[in-house]
Amino acid sequence: MSEYLKQARLRAMIKPYESETVLFEEGEESRDLYILVGGRLKISKDKVTIGFIDQAGSYVGEMSALLGMPRTATVTTASQCELIRVGPEQTDKFFHTSPELTLKLAKILAERLRDTTDRLLEAQQEKKM
């Protein structure tokens with residue numbers, strides 16, 4: 001378990017989820033943010049599995065939670081999981097009182113932006129050929 005997930009306040013927020021539990025569906029308007037403590041999550045888009053997440057401390061649902069936009073994918077537990085669910089009414093307070101988690105999310109979002117930029121550049125270069 002990640003060091004910051006060992007904090008008593010966060011441990012109290014950990015809840016178990018059975019395998020095949022849908023956390024949220026693509027297009028849904030929900031705003032909950034989830035942090036994976038243990039287990040494996042399946043990510044699907046247009047009912048096609050596009051990946052899995054099994055790294056403790058990973059976030060799912062952050063775009064909807066932070067930007068208020070509909071869900072861009074469906075997330076289902078692929079095994080029994082332990083997750084921290086941060087409801088929309090808790091999001092601001094959660095990040096204000098958890099600077100380590102806020103920094104981790106910022107790094108994750110920066111990495112995703114870098115990856116997206118790289119893929120866009122590659123696609124543009126292939127188009128020119």
# chains A, B, ... in the order shown; residues from 1 in each chain; ligands from 1
>>> select_by_dssp(residues="region 7-114 of chain A", states="helix (DSSP H, G or I)", output="ChimeraX atom specification")
/A:8-11,62-67,91-97,99-114
>>> closest_atom_pairs(of="region 52-85 of chain A", to="region 16-28 of chain A", cutoff="10 Å", atoms="only C-alpha atoms", output="tab-separated table")
residue	atom	partner	partner_atom	distance
A:Val60	CA	A:Leu23	CA	9.4
A:Gly61	CA	A:Phe24	CA	8.3
A:Ser64	CA	A:Glu28	CA	9.3
A:Met69	CA	A:Gly27	CA	8.8
A:Pro70	CA	A:Gly27	CA	5.1
A:Arg71	CA	A:Gly27	CA	4.8
A:Thr72	CA	A:Glu26	CA	5.2
A:Ala73	CA	A:Glu26	CA	4.2
A:Thr74	CA	A:Glu25	CA	4.1
A:Val75	CA	A:Leu23	CA	5.6
A:Thr76	CA	A:Val22	CA	4.3
A:Thr77	CA	A:Glu20	CA	5.0
A:Ala78	CA	A:Ser19	CA	5.4
A:Ser79	CA	A:Ser19	CA	4.3
A:Gln80	CA	A:Ser19	CA	4.6
A:Cys81	CA	A:Tyr17	CA	5.1
A:Glu82	CA	A:Pro16	CA	4.5
A:Leu83	CA	A:Pro16	CA	6.5
A:Ile84	CA	A:Pro16	CA	9.0
A:Arg85	CA	A:Leu23	CA	9.7
>>> write_last_selection(atoms="all heavy atoms", output="tab-separated table (two decimals), in the first residue's frame")
chain	number	residue	atom	x	y	z
A	60	VAL	N	-9.36	6.94	-10.74
A	60	VAL	CA	-10.31	6.83	-11.85
A	60	VAL	C	-11.47	7.78	-11.55
A	60	VAL	O	-11.84	7.97	-10.40
A	60	VAL	CB	-10.83	5.39	-12.10
A	60	VAL	CG1	-9.72	4.50	-12.62
A	60	VAL	CG2	-11.46	4.80	-10.87
A	61	GLY	N	-11.97	8.39	-12.59
A	61	GLY	CA	-13.09	9.31	-12.45
A	61	GLY	C	-12.69	10.75	-12.18
A	61	GLY	O	-13.54	11.60	-11.93
A	64	SER	N	-14.30	13.71	-14.54
A	64	SER	CA	-15.68	14.08	-14.19
A	64	SER	C	-15.74	14.80	-12.85
A	64	SER	O	-16.48	15.77	-12.69
A	64	SER	CB	-16.56	12.83	-14.14
A	64	SER	OG	-16.68	12.28	-15.42
A	69	MET	N	-17.70	16.97	-16.15
A	69	MET	CA	-18.11	16.46	-17.46
A	69	MET	C	-18.60	15.02	-17.35
A	69	MET	O	-18.29	14.34	-16.37
A	69	MET	CB	-16.94	16.55	-18.45
A	69	MET	CG	-15.70	15.81	-18.00
A	69	MET	SD	-14.26	16.13	-19.05
A	69	MET	CE	-14.65	15.11	-20.44
A	70	PRO	N	-19.38	14.55	-18.34
A	70	PRO	CA	-19.84	13.15	-18.29
A	70	PRO	C	-18.66	12.18	-18.33
A	70	PRO	O	-17.57	12.52	-18.80
A	70	PRO	CB	-20.69	13.01	-19.56
A	70	PRO	CG	-21.06	14.40	-19.94
A	70	PRO	CD	-19.92	15.27	-19.48
A	71	ARG	N	-18.89	10.98	-17.86
A	71	ARG	CA	-17.86	9.94	-17.84
A	71	ARG	C	-17.42	9.61	-19.25
A	71	ARG	O	-18.24	9.49	-20.16
A	71	ARG	CB	-18.39	8.67	-17.17
A	71	ARG	CG	-18.85	8.87	-15.75
A	71	ARG	CD	-17.72	9.26	-14.84
A	71	ARG	NE	-18.18	9.28	-13.45
A	71	ARG	CZ	-17.38	9.48	-12.43
A	71	ARG	NH1	-16.10	9.69	-12.60
A	71	ARG	NH2	-17.86	9.47	-11.21
A	72	THR	N	-16.11	9.47	-19.45
A	72	THR	CA	-15.57	9.18	-20.78
A	72	THR	C	-15.37	7.69	-21.01
A	72	THR	O	-15.03	7.28	-22.12
A	72	THR	CB	-14.24	9.91	-21.00
A	72	THR	OG1	-13.31	9.50	-19.99
A	72	THR	CG2	-14.44	11.43	-20.94
A	73	ALA	N	-15.54	6.87	-19.98
A	73	ALA	CA	-15.37	5.42	-20.09
A	73	ALA	C	-16.17	4.75	-18.99
A	73	ALA	O	-16.62	5.40	-18.04
A	73	ALA	CB	-13.89	5.05	-19.98
A	74	THR	N	-16.33	3.45	-19.11
A	74	THR	CA	-16.95	2.64	-18.07
A	74	THR	C	-15.85	1.98	-17.28
A	74	THR	O	-14.88	1.48	-17.85
A	74	THR	CB	-17.86	1.55	-18.70
A	74	THR	OG1	-18.91	2.21	-19.43
A	74	THR	CG2	-18.46	0.64	-17.64
A	75	VAL	N	-15.96	1.99	-15.95
A	75	VAL	CA	-14.98	1.35	-15.08
A	75	VAL	C	-15.69	0.29	-14.25
A	75	VAL	O	-16.68	0.58	-13.58
A	75	VAL	CB	-14.26	2.37	-14.18
A	75	VAL	CG1	-13.30	1.66	-13.22
A	75	VAL	CG2	-13.50	3.39	-15.02
A	76	THR	N	-15.16	-0.94	-14.32
A	76	THR	CA	-15.72	-2.10	-13.63
A	76	THR	C	-14.62	-2.77	-12.85
A	76	THR	O	-13.47	-2.83	-13.32
A	76	THR	CB	-16.29	-3.10	-14.66
A	76	THR	OG1	-17.20	-2.42	-15.52
A	76	THR	CG2	-17.01	-4.25	-13.98
A	77	THR	N	-14.92	-3.29	-11.67
A	77	THR	CA	-13.92	-4.05	-10.93
A	77	THR	C	-13.70	-5.38	-11.66
A	77	THR	O	-14.64	-6.08	-11.98
A	77	THR	CB	-14.36	-4.30	-9.48
A	77	THR	OG1	-15.62	-4.99	-9.49
A	77	THR	CG2	-14.49	-3.00	-8.70
A	78	ALA	N	-12.44	-5.70	-11.94
A	78	ALA	CA	-12.10	-6.95	-12.64
A	78	ALA	C	-11.73	-8.04	-11.63
A	78	ALA	O	-11.49	-9.18	-12.01
A	78	ALA	CB	-10.94	-6.71	-13.60
A	79	SER	N	-11.66	-7.66	-10.38
A	79	SER	CA	-11.39	-8.59	-9.27
A	79	SER	C	-12.01	-7.97	-8.03
A	79	SER	O	-12.56	-6.86	-8.10
A	79	SER	CB	-9.88	-8.78	-9.08
A	79	SER	OG	-9.30	-7.57	-8.59
A	80	GLN	N	-11.92	-8.66	-6.90
A	80	GLN	CA	-12.30	-8.00	-5.66
A	80	GLN	C	-11.34	-6.83	-5.47
A	80	GLN	O	-10.14	-6.97	-5.69
A	80	GLN	CB	-12.23	-8.95	-4.48
A	80	GLN	CG	-13.31	-10.01	-4.50
A	80	GLN	CD	-13.29	-10.86	-3.25
A	80	GLN	OE1	-12.28	-11.02	-2.59
A	80	GLN	NE2	-14.44	-11.42	-2.93
A	81	CYS	N	-11.88	-5.69	-5.10
A	81	CYS	CA	-11.06	-4.47	-4.99
A	81	CYS	C	-11.32	-3.77	-3.66
A	81	CYS	O	-12.37	-3.95	-3.04
A	81	CYS	CB	-11.41	-3.49	-6.11
A	81	CYS	SG	-10.92	-4.01	-7.75
A	82	GLU	N	-10.35	-2.98	-3.28
A	82	GLU	CA	-10.52	-2.01	-2.21
A	82	GLU	C	-10.29	-0.65	-2.83
A	82	GLU	O	-9.28	-0.43	-3.52
A	82	GLU	CB	-9.52	-2.26	-1.08
A	82	GLU	CG	-9.83	-3.50	-0.27
A	82	GLU	CD	-8.92	-3.61	0.94
A	82	GLU	OE1	-7.70	-3.34	0.82
A	82	GLU	OE2	-9.43	-3.95	2.02
A	83	LEU	N	-11.25	0.25	-2.59
A	83	LEU	CA	-11.20	1.57	-3.18
A	83	LEU	C	-11.58	2.63	-2.16
A	83	LEU	O	-12.33	2.36	-1.22
A	83	LEU	CB	-12.19	1.67	-4.35
A	83	LEU	CG	-11.95	0.76	-5.54
A	83	LEU	CD1	-13.24	0.51	-6.29
A	83	LEU	CD2	-10.93	1.39	-6.46
A	84	ILE	N	-11.06	3.81	-2.37
A	84	ILE	CA	-11.51	4.99	-1.65
A	84	ILE	C	-12.41	5.75	-2.61
A	84	ILE	O	-12.01	6.06	-3.73
A	84	ILE	CB	-10.33	5.88	-1.22
A	84	ILE	CG1	-9.46	5.15	-0.20
A	84	ILE	CG2	-10.83	7.22	-0.66
A	84	ILE	CD1	-8.17	5.88	0.14
A	85	ARG	N	-13.65	6.00	-2.18
A	85	ARG	CA	-14.58	6.79	-2.99
A	85	ARG	C	-14.68	8.18	-2.38
A	85	ARG	O	-14.95	8.33	-1.20
A	85	ARG	CB	-15.98	6.16	-3.02
A	85	ARG	CG	-16.93	6.92	-3.96
A	85	ARG	CD	-18.35	6.39	-3.88
A	85	ARG	NE	-19.00	6.69	-2.62
A	85	ARG	CZ	-19.52	7.89	-2.30
A	85	ARG	NH1	-19.46	8.89	-3.14
A	85	ARG	NH2	-20.10	8.06	-1.14
>>> residues_around(residues="Leu109 (chain A)", least_positions_apart="6", cutoff="12 Å", atoms="only C-alpha atoms", output="MDAnalysis selection string")
chainID A and resid 58:60 62:63 66 102:103 115:116
>>> write_last_selection(atoms="all heavy atoms", output="PDB file, in the first residue's frame")
ATOM      1  N   SER A  58      -3.774   4.565  -7.935  1.00  0.00           N
ATOM      2  CA  SER A  58      -4.275   5.089  -9.207  1.00  0.00           C
ATOM      3  C   SER A  58      -5.662   5.705  -9.016  1.00  0.00           C
ATOM      4  O   SER A  58      -6.456   5.231  -8.208  1.00  0.00           O
ATOM      5  CB  SER A  58      -4.374   3.965 -10.243  1.00  0.00           C
ATOM      6  OG  SER A  58      -3.103   3.463 -10.555  1.00  0.00           O
ATOM      7  N   TYR A  59      -5.917   6.748  -9.779  1.00  0.00           N
ATOM      8  CA  TYR A  59      -7.204   7.434  -9.745  1.00  0.00           C
ATOM      9  C   TYR A  59      -8.049   7.004 -10.930  1.00  0.00           C
ATOM     10  O   TYR A  59      -7.519   6.791 -12.024  1.00  0.00           O
ATOM     11  CB  TYR A  59      -7.007   8.941  -9.896  1.00  0.00           C
ATOM     12  CG  TYR A  59      -6.391   9.628  -8.711  1.00  0.00           C
ATOM     13  CD1 TYR A  59      -5.011   9.606  -8.500  1.00  0.00           C
ATOM     14  CD2 TYR A  59      -7.183  10.315  -7.814  1.00  0.00           C
ATOM     15  CE1 TYR A  59      -4.454  10.255  -7.418  1.00  0.00           C
ATOM     16  CE2 TYR A  59      -6.623  10.971  -6.733  1.00  0.00           C
ATOM     17  CZ  TYR A  59      -5.262  10.937  -6.547  1.00  0.00           C
ATOM     18  OH  TYR A  59      -4.715  11.565  -5.483  1.00  0.00           O
ATOM     19  N   VAL A  60      -9.360   6.936 -10.739  1.00  0.00           N
ATOM     20  CA  VAL A  60     -10.310   6.835 -11.846  1.00  0.00           C
ATOM     21  C   VAL A  60     -11.466   7.778 -11.548  1.00  0.00           C
ATOM     22  O   VAL A  60     -11.838   7.975 -10.400  1.00  0.00           O
ATOM     23  CB  VAL A  60     -10.826   5.395 -12.096  1.00  0.00           C
ATOM     24  CG1 VAL A  60      -9.717   4.502 -12.616  1.00  0.00           C
ATOM     25  CG2 VAL A  60     -11.462   4.797 -10.869  1.00  0.00           C
ATOM     26  N   GLU A  62     -11.397  11.036 -12.283  1.00  0.00           N
ATOM     27  CA  GLU A  62     -10.927  12.378 -11.921  1.00  0.00           C
ATOM     28  C   GLU A  62     -11.408  13.461 -12.877  1.00  0.00           C
ATOM     29  O   GLU A  62     -11.656  14.588 -12.456  1.00  0.00           O
ATOM     30  CB  GLU A  62      -9.397  12.408 -11.793  1.00  0.00           C
ATOM     31  CG  GLU A  62      -8.623  12.271 -13.074  1.00  0.00           C
ATOM     32  CD  GLU A  62      -8.562  10.860 -13.607  1.00  0.00           C
ATOM     33  OE1 GLU A  62      -8.938   9.909 -12.909  1.00  0.00           O
ATOM     34  OE2 GLU A  62      -8.141  10.708 -14.765  1.00  0.00           O
ATOM     35  N   MET A  63     -11.558  13.144 -14.169  1.00  0.00           N
ATOM     36  CA  MET A  63     -11.992  14.187 -15.111  1.00  0.00           C
ATOM     37  C   MET A  63     -13.410  14.648 -14.790  1.00  0.00           C
ATOM     38  O   MET A  63     -13.688  15.845 -14.768  1.00  0.00           O
ATOM     39  CB  MET A  63     -11.878  13.697 -16.550  1.00  0.00           C
ATOM     40  CG  MET A  63     -10.433  13.584 -17.002  1.00  0.00           C
ATOM     41  SD  MET A  63     -10.208  13.403 -18.781  1.00  0.00           S
ATOM     42  CE  MET A  63     -11.082  11.896 -19.124  1.00  0.00           C
ATOM     43  N   LEU A  66     -13.400  16.608 -11.366  1.00  0.00           N
ATOM     44  CA  LEU A  66     -12.780  17.932 -11.378  1.00  0.00           C
ATOM     45  C   LEU A  66     -13.390  18.883 -12.405  1.00  0.00           C
ATOM     46  O   LEU A  66     -13.445  20.087 -12.169  1.00  0.00           O
ATOM     47  CB  LEU A  66     -11.274  17.803 -11.640  1.00  0.00           C
ATOM     48  CG  LEU A  66     -10.492  17.058 -10.567  1.00  0.00           C
ATOM     49  CD1 LEU A  66      -9.053  16.836 -11.016  1.00  0.00           C
ATOM     50  CD2 LEU A  66     -10.534  17.803  -9.236  1.00  0.00           C
ATOM     51  N   THR A 102      -2.953  15.269  -3.915  1.00  0.00           N
ATOM     52  CA  THR A 102      -3.123  16.321  -4.906  1.00  0.00           C
ATOM     53  C   THR A 102      -1.917  16.355  -5.841  1.00  0.00           C
ATOM     54  O   THR A 102      -2.065  16.440  -7.067  1.00  0.00           O
ATOM     55  CB  THR A 102      -3.306  17.685  -4.216  1.00  0.00           C
ATOM     56  OG1 THR A 102      -4.413  17.584  -3.314  1.00  0.00           O
ATOM     57  CG2 THR A 102      -3.558  18.788  -5.215  1.00  0.00           C
ATOM     58  N   LEU A 103      -0.724  16.251  -5.284  1.00  0.00           N
ATOM     59  CA  LEU A 103       0.490  16.239  -6.097  1.00  0.00           C
ATOM     60  C   LEU A 103       0.521  15.000  -6.984  1.00  0.00           C
ATOM     61  O   LEU A 103       0.877  15.079  -8.159  1.00  0.00           O
ATOM     62  CB  LEU A 103       1.732  16.296  -5.203  1.00  0.00           C
ATOM     63  CG  LEU A 103       3.076  16.284  -5.934  1.00  0.00           C
ATOM     64  CD1 LEU A 103       3.173  17.461  -6.903  1.00  0.00           C
ATOM     65  CD2 LEU A 103       4.225  16.324  -4.928  1.00  0.00           C
ATOM     66  N   ASP A 115       1.633  12.122 -22.838  1.00  0.00           N
ATOM     67  CA  ASP A 115       1.359  10.965 -23.694  1.00  0.00           C
ATOM     68  C   ASP A 115       0.414  11.333 -24.841  1.00  0.00           C
ATOM     69  O   ASP A 115       0.611  10.919 -25.983  1.00  0.00           O
ATOM     70  CB  ASP A 115       0.768   9.813 -22.881  1.00  0.00           C
ATOM     71  CG  ASP A 115       1.764   9.211 -21.909  1.00  0.00           C
ATOM     72  OD1 ASP A 115       2.986   9.464 -22.044  1.00  0.00           O
ATOM     73  OD2 ASP A 115       1.320   8.485 -20.991  1.00  0.00           O
ATOM     74  N   THR A 116      -0.617  12.110 -24.530  1.00  0.00           N
ATOM     75  CA  THR A 116      -1.570  12.529 -25.561  1.00  0.00           C
ATOM     76  C   THR A 116      -0.882  13.418 -26.590  1.00  0.00           C
ATOM     77  O   THR A 116      -1.101  13.269 -27.795  1.00  0.00           O
ATOM     78  CB  THR A 116      -2.766  13.269 -24.914  1.00  0.00           C
ATOM     79  OG1 THR A 116      -3.401  12.380 -24.001  1.00  0.00           O
ATOM     80  CG2 THR A 116      -3.762  13.730 -25.959  1.00  0.00           C
TER      81      THR A 116
END
>>> atom_distance(atom1="CA of Leu10 (chain A)", atom2="CA of Phe94 (chain A)")
9.8 Å
>>> select_by_dssp(residues="region 7-125 of chain A", states="strand (DSSP E)", output="number ranges by chain")
A: 14-17, 22-24, 33-38, 41-45, 48-53, 59-60, 74-77, 81-86
>>> decode(residues="region 112-127 of chain A", atoms="C-alpha atoms", output="compact mmCIF listing (two decimals), in the first residue's frame")
# COMPACT_ATOMS: atom_id res chain seq x y z
CA ARG A 112 -1.40 11.83 -19.55
CA LEU A 113 -1.07 15.21 -21.26
CA ARG A 114 2.48 14.35 -22.34
CA ASP A 115 1.36 10.97 -23.69
CA THR A 116 -1.57 12.53 -25.56
CA THR A 117 0.69 15.20 -27.04
CA ASP A 118 3.19 12.54 -28.18
CA ARG A 119 0.42 10.49 -29.81
CA LEU A 120 -0.97 13.57 -31.55
CA LEU A 121 2.48 14.48 -32.87
CA GLU A 122 3.02 10.92 -34.14
CA ALA A 123 -0.37 10.94 -35.89
CA GLN A 124 0.37 14.27 -37.54
CA GLN A 125 3.78 13.03 -38.73
CA GLU A 126 2.24 9.83 -40.16
CA LYS A 127 -0.39 11.91 -41.96
